[in-house]
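input.cif (mmCIF, C-alpha atoms)
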```cif
data_protein
#
loop_
_atom_site.label_atom_id
_atom_site.label_comp_id
_atom_site.auth_asym_id
_atom_site.auth_seq_id
_atom_site.Cartn_x
_atom_site.Cartn_y
_atom_site.Cartn_z
CA CYS A 130 -55.49 161.55 8.10
CA ARG A 131 -58.00 160.37 10.64
CA SER A 132 -59.69 162.08 13.52
CA VAL A 133 -58.59 161.20 17.05
CA ARG A 134 -60.17 161.68 20.43
CA LEU A 135 -57.86 163.07 23.09
CA GLY A 136 -58.58 163.70 26.74
CA ALA A 137 -56.87 166.41 28.78
CA ILE A 138 -56.47 166.49 32.53
CA GLY A 139 -54.22 167.93 35.22
CA ASP A 140 -53.66 168.34 38.94
CA THR A 141 -55.06 164.92 39.73
CA ARG A 142 -53.06 164.55 42.92
CA ALA A 143 -54.64 163.81 46.27
CA ALA A 144 -55.03 166.61 48.79
CA PHE A 145 -53.02 164.70 51.42
CA ASP A 146 -49.60 163.04 51.41
CA GLY A 147 -49.41 159.28 51.16
CA LEU A 148 -52.41 158.79 48.87
CA GLY A 149 -50.88 159.61 45.50
CA VAL A 150 -53.88 160.37 43.32
CA SER A 151 -57.24 161.93 44.01
CA VAL A 152 -60.17 159.58 44.55
CA PHE A 153 -61.70 161.29 41.50
CA TYR A 154 -58.82 160.44 39.15
CA ARG A 155 -59.76 156.88 38.16
CA PRO A 156 -63.46 157.81 37.60
CA MET A 157 -62.33 160.69 35.37
CA LEU A 158 -60.11 158.35 33.36
CA GLN A 159 -62.99 155.88 33.10
CA GLU A 160 -65.25 158.67 31.81
CA MET A 161 -62.67 159.58 29.16
CA ALA A 162 -62.40 155.92 28.16
CA ALA A 163 -66.21 155.69 27.94
CA ARG A 164 -66.07 158.68 25.56
CA ASN A 165 -63.51 156.79 23.45
CA ALA A 166 -60.45 158.87 24.31
CA GLU A 167 -57.48 157.16 22.68
CA LEU A 168 -54.84 159.13 24.56
CA ILE A 169 -54.97 161.25 27.70
CA LEU A 170 -52.76 164.33 27.94
CA HIS A 171 -51.81 165.13 31.53
CA VAL A 172 -50.42 168.57 32.44
CA GLY A 173 -48.81 167.50 35.69
CA ASP A 174 -49.27 167.00 39.42
CA LEU A 175 -49.94 163.30 39.04
CA VAL A 176 -49.19 162.73 42.75
CA LYS A 177 -49.13 164.84 45.92
CA ASN A 178 -45.53 164.15 46.92
CA GLY A 179 -43.23 163.09 44.09
CA THR A 180 -40.46 162.02 46.46
CA GLU A 181 -42.59 159.21 47.92
CA ILE A 182 -42.48 155.97 45.94
CA PRO A 183 -45.76 154.60 47.41
CA GLU A 184 -47.58 157.53 45.83
CA TRP A 185 -46.17 156.54 42.43
CA PHE A 186 -47.32 152.95 42.98
CA ALA A 187 -50.81 154.28 43.75
CA TYR A 188 -50.70 156.38 40.58
CA ALA A 189 -49.51 153.47 38.42
CA SER A 190 -52.20 151.15 39.77
CA SER A 191 -54.87 153.68 38.74
CA LEU A 192 -53.95 153.30 35.05
CA VAL A 193 -54.75 149.63 34.44
CA ASP A 194 -57.01 148.96 31.42
CA LEU A 195 -57.37 152.64 30.51
CA PRO A 196 -56.11 154.73 27.59
CA PRO A 197 -52.41 155.62 27.75
CA VAL A 198 -51.45 158.82 29.58
CA LEU A 199 -48.79 161.20 28.25
CA ALA A 200 -47.67 163.59 30.99
CA VAL A 201 -45.45 166.55 31.72
CA ARG A 202 -44.06 167.09 35.22
CA GLY A 203 -45.88 169.27 37.73
CA ASN A 204 -44.44 170.86 40.85
CA HIS A 205 -45.82 168.05 43.07
CA ASP A 206 -44.13 165.47 40.80
CA ARG A 207 -40.62 166.73 41.63
CA GLY A 208 -38.18 164.10 42.79
CA PRO A 209 -36.42 161.23 41.04
CA TYR A 210 -39.41 159.04 40.23
CA PHE A 211 -41.23 161.04 37.54
CA TYR A 212 -38.50 160.44 34.96
CA ASP A 213 -36.71 157.46 36.51
CA GLY A 214 -40.03 155.60 36.82
CA ARG A 215 -40.92 156.55 33.24
CA PHE A 216 -44.08 158.41 34.23
CA GLY A 217 -42.73 161.20 32.06
CA THR A 218 -40.87 161.04 28.78
CA ALA A 219 -38.26 163.80 29.03
CA PRO A 220 -38.12 167.49 30.01
CA VAL A 221 -38.63 168.37 26.33
CA PHE A 222 -40.31 166.04 23.85
CA HIS A 223 -42.62 165.75 20.88
CA PHE A 224 -44.87 162.94 19.81
CA ASP A 225 -47.02 162.53 16.69
CA TYR A 226 -50.48 161.11 17.21
CA GLY A 227 -52.88 161.10 14.29
CA PRO A 228 -53.26 164.66 13.00
CA ALA A 229 -51.59 166.16 16.11
CA ARG A 230 -47.99 166.77 17.05
CA ILE A 231 -47.87 166.97 20.83
CA PHE A 232 -45.03 168.86 22.49
CA GLY A 233 -44.11 168.64 26.16
CA LEU A 234 -42.11 171.12 28.20
CA ASP A 235 -41.19 170.62 31.85
CA SER A 236 -42.08 174.03 33.29
CA GLU A 237 -40.83 173.08 36.77
CA GLY A 238 -37.51 173.63 38.49
CA GLY A 239 -37.50 177.42 38.37
CA THR A 240 -37.08 180.11 35.75
CA ASP A 241 -33.42 179.41 34.94
CA ALA A 242 -34.01 175.66 34.52
CA VAL A 243 -36.97 176.25 32.18
CA ARG A 244 -35.14 178.96 30.25
CA ALA A 245 -32.28 176.48 29.67
CA LEU A 246 -34.78 174.08 28.02
CA LEU A 247 -36.18 176.68 25.60
CA PRO A 248 -33.57 176.27 22.81
CA ALA A 249 -34.23 172.51 22.60
CA PHE A 250 -37.98 173.15 22.79
CA GLU A 251 -37.76 175.72 20.00
CA LYS A 252 -35.86 173.25 17.78
CA LEU A 253 -38.74 170.80 18.13
CA LEU A 254 -41.35 173.47 17.43
CA ALA A 255 -39.42 174.46 14.29
CA LEU A 256 -39.54 170.95 12.79
CA PRO A 257 -41.71 170.99 9.66
CA THR A 258 -45.15 169.45 10.04
CA ASP A 259 -48.65 169.80 8.69
CA LYS A 260 -50.08 168.52 11.98
CA TRP A 261 -51.90 170.45 14.69
CA LYS A 262 -49.39 171.65 17.25
CA VAL A 263 -50.46 171.02 20.85
CA VAL A 264 -48.23 172.03 23.78
CA LEU A 265 -48.38 170.59 27.29
CA LEU A 266 -46.90 172.43 30.26
CA HIS A 267 -47.80 172.59 33.93
CA ARG A 268 -47.41 176.31 34.62
CA PRO A 269 -50.09 178.26 32.77
CA ILE A 270 -49.19 181.37 30.83
CA TRP A 271 -52.23 183.24 32.13
CA SER A 272 -54.14 182.29 35.23
CA GLN A 273 -56.70 183.74 37.59
CA GLY A 274 -55.99 180.86 39.99
CA LEU A 275 -54.09 180.91 43.25
CA HIS A 276 -50.70 180.99 41.55
CA GLY A 277 -51.55 183.98 39.33
CA ASN A 278 -50.02 185.16 36.09
CA ASP A 279 -46.46 184.71 34.85
CA GLU A 280 -45.38 182.72 37.88
CA ILE A 281 -41.96 181.86 36.46
CA GLY A 282 -41.47 185.05 34.42
CA LEU A 283 -41.51 183.43 30.99
CA ASN A 284 -44.88 184.50 29.55
CA GLU A 285 -43.26 186.69 26.93
CA ALA A 286 -40.83 183.95 25.84
CA PHE A 287 -43.60 181.33 25.74
CA THR A 288 -46.08 183.43 23.77
CA LYS A 289 -43.37 184.50 21.30
CA LEU A 290 -42.47 180.85 20.65
CA PHE A 291 -46.08 179.73 20.37
CA GLU A 292 -46.97 182.51 17.96
CA SER A 293 -43.76 182.16 15.90
CA TYR A 294 -44.29 178.44 15.36
CA ASP A 295 -48.07 178.46 14.88
CA VAL A 296 -48.99 176.45 17.97
CA HIS A 297 -52.70 175.66 17.81
CA LEU A 298 -53.42 174.71 21.42
CA VAL A 299 -51.63 175.12 24.76
CA LEU A 300 -52.76 173.02 27.69
#
```

Would you mind giving the structure from this file in structure tokens?
Amino acid sequence: CRSVRLGAIGDTRAAFDGLGVSVFYRPMLQEMAARNAELILHVGDLVKNGTEIPEWFAYASSLVDLPPVLAVRGNHDRGPYFYDGRFGTAPVFHFDYGPARIFGLDSEGGTDAVRALLPAFEKLLALPTDKWKVVLLHRPIWSQGLHGNDEIGLNEAFTKLFESYDVHLVL
């Protein structure tokens, strides 16, 4: 077992359509690289308008010579390009990295769509491991932000899963 250095980031989209990423995104990635982050975990909203392919080109060009980014889809990333362009892995996934097992859940698409993913997500959480369990999702369970608490009505289901399967960290 070795230690690893992970970075975490989210909502790095620009404030205006057509730009893709925030002007602050690349400097933040460079700062994480300077601090020896080996992998960056992104909790979504990579671009402002996920239906616009130029925004995805702008996003992709921001990643050159930086640590790899593992992302889940945010609401601004909706459209065909997040998965088709391989900016995201799958709506539900897990990935082992050093002492961590990282789980991703696409919390976009509405309550029914997310609820339909929960059985597959639970199967992954139930897999035996001695690794730290880290979960990535875009919609927070609790928030004092503009979107508030329990935005998609699944707080109880999420917390039950996370507690039942000894999740160590939710981003």

TODO: Tell me, in Å to one decimal, how far CA of Phe216 (chain A) is from CA of Leu254 (chain A).
DONE: 22.7 Å

TODO: Find the residues around region 257-262 of chain A up to 6 Å (all atoms listed in the file counted), leave out those fewer than 3 positions away in its own chain, and share them as a PyMOL selection string.
DONE: chain A and resi 228-230+296-297

- [ ] Would you kindly translate the PyMOL selection byres ((chain A and resi 184) around 12) into the concrete residues it picks from this file, as a ChimeraX atom specification?
- [x] /A:142-143,145-151,174-183,185-191,205-206,208,210-211,214

Task: Interatomic distance (Å, one decimal) between CA of Arg164 (chain A) and CA of Pro196 (chain A) - done: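 Taking CA of Arg164 (chain A) as the start and CA of Pro196 (chain A) as the end point, the length is 10.9 Å.
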
Identify all residues satisfying the PyMOL selection byres ((chain A and resi 281-284) around 7) in the given file; provide them as a PDB file with C-alpha atoms, keeping the file's coordinate frame.
```pdb
ATOM      1  CA  GLY A 239     -37.500 177.420  38.370  1.00  0.00           C
ATOM      2  CA  THR A 240     -37.080 180.110  35.750  1.00  0.00           C
ATOM      3  CA  ILE A 270     -49.190 181.370  30.830  1.00  0.00           C
ATOM      4  CA  ASP A 279     -46.460 184.710  34.850  1.00  0.00           C
ATOM      5  CA  GLU A 280     -45.380 182.720  37.880  1.00  0.00           C
ATOM      6  CA  GLU A 285     -43.260 186.690  26.930  1.00  0.00           C
ATOM      7  CA  ALA A 286     -40.830 183.950  25.840  1.00  0.00           C
ATOM      8  CA  PHE A 287     -43.600 181.330  25.740  1.00  0.00           C
ATOM      9  CA  THR A 288     -46.080 183.430  23.770  1.00  0.00           C
TER      10      THR A 288
END
```

Open item on the list: Between CA of Pro269 (chain A) and CA of Arg155 (chain A), what is the distance in Å, rounded to a tenth?
Closed with: 24.1 Å

TODO: Write out as an NGL selection string the residues lying within 12 Å of region 242-247 of chain A, counting all atoms listed in the file and excluding same-chain residues fewer than 3 positions away.
DONE: :A and (202 or 219-222 or 233-239 or 250-255 or 266-268 or 281-287 or 289-291)

Task: Gly173 (chain A) environment, 7 Å, all atoms listed in the file, sequence neighbours closer than 6 positions dropped, as a PyMOL selection string - done: chain A and resi 139-140+200-203+267

Task: A:Asn165, A:Val198, A:Tyr212, A:Leu192 ranked by distance to Ile138 (chain A), top pick (using all atoms listed in the file) - done: A:Val198
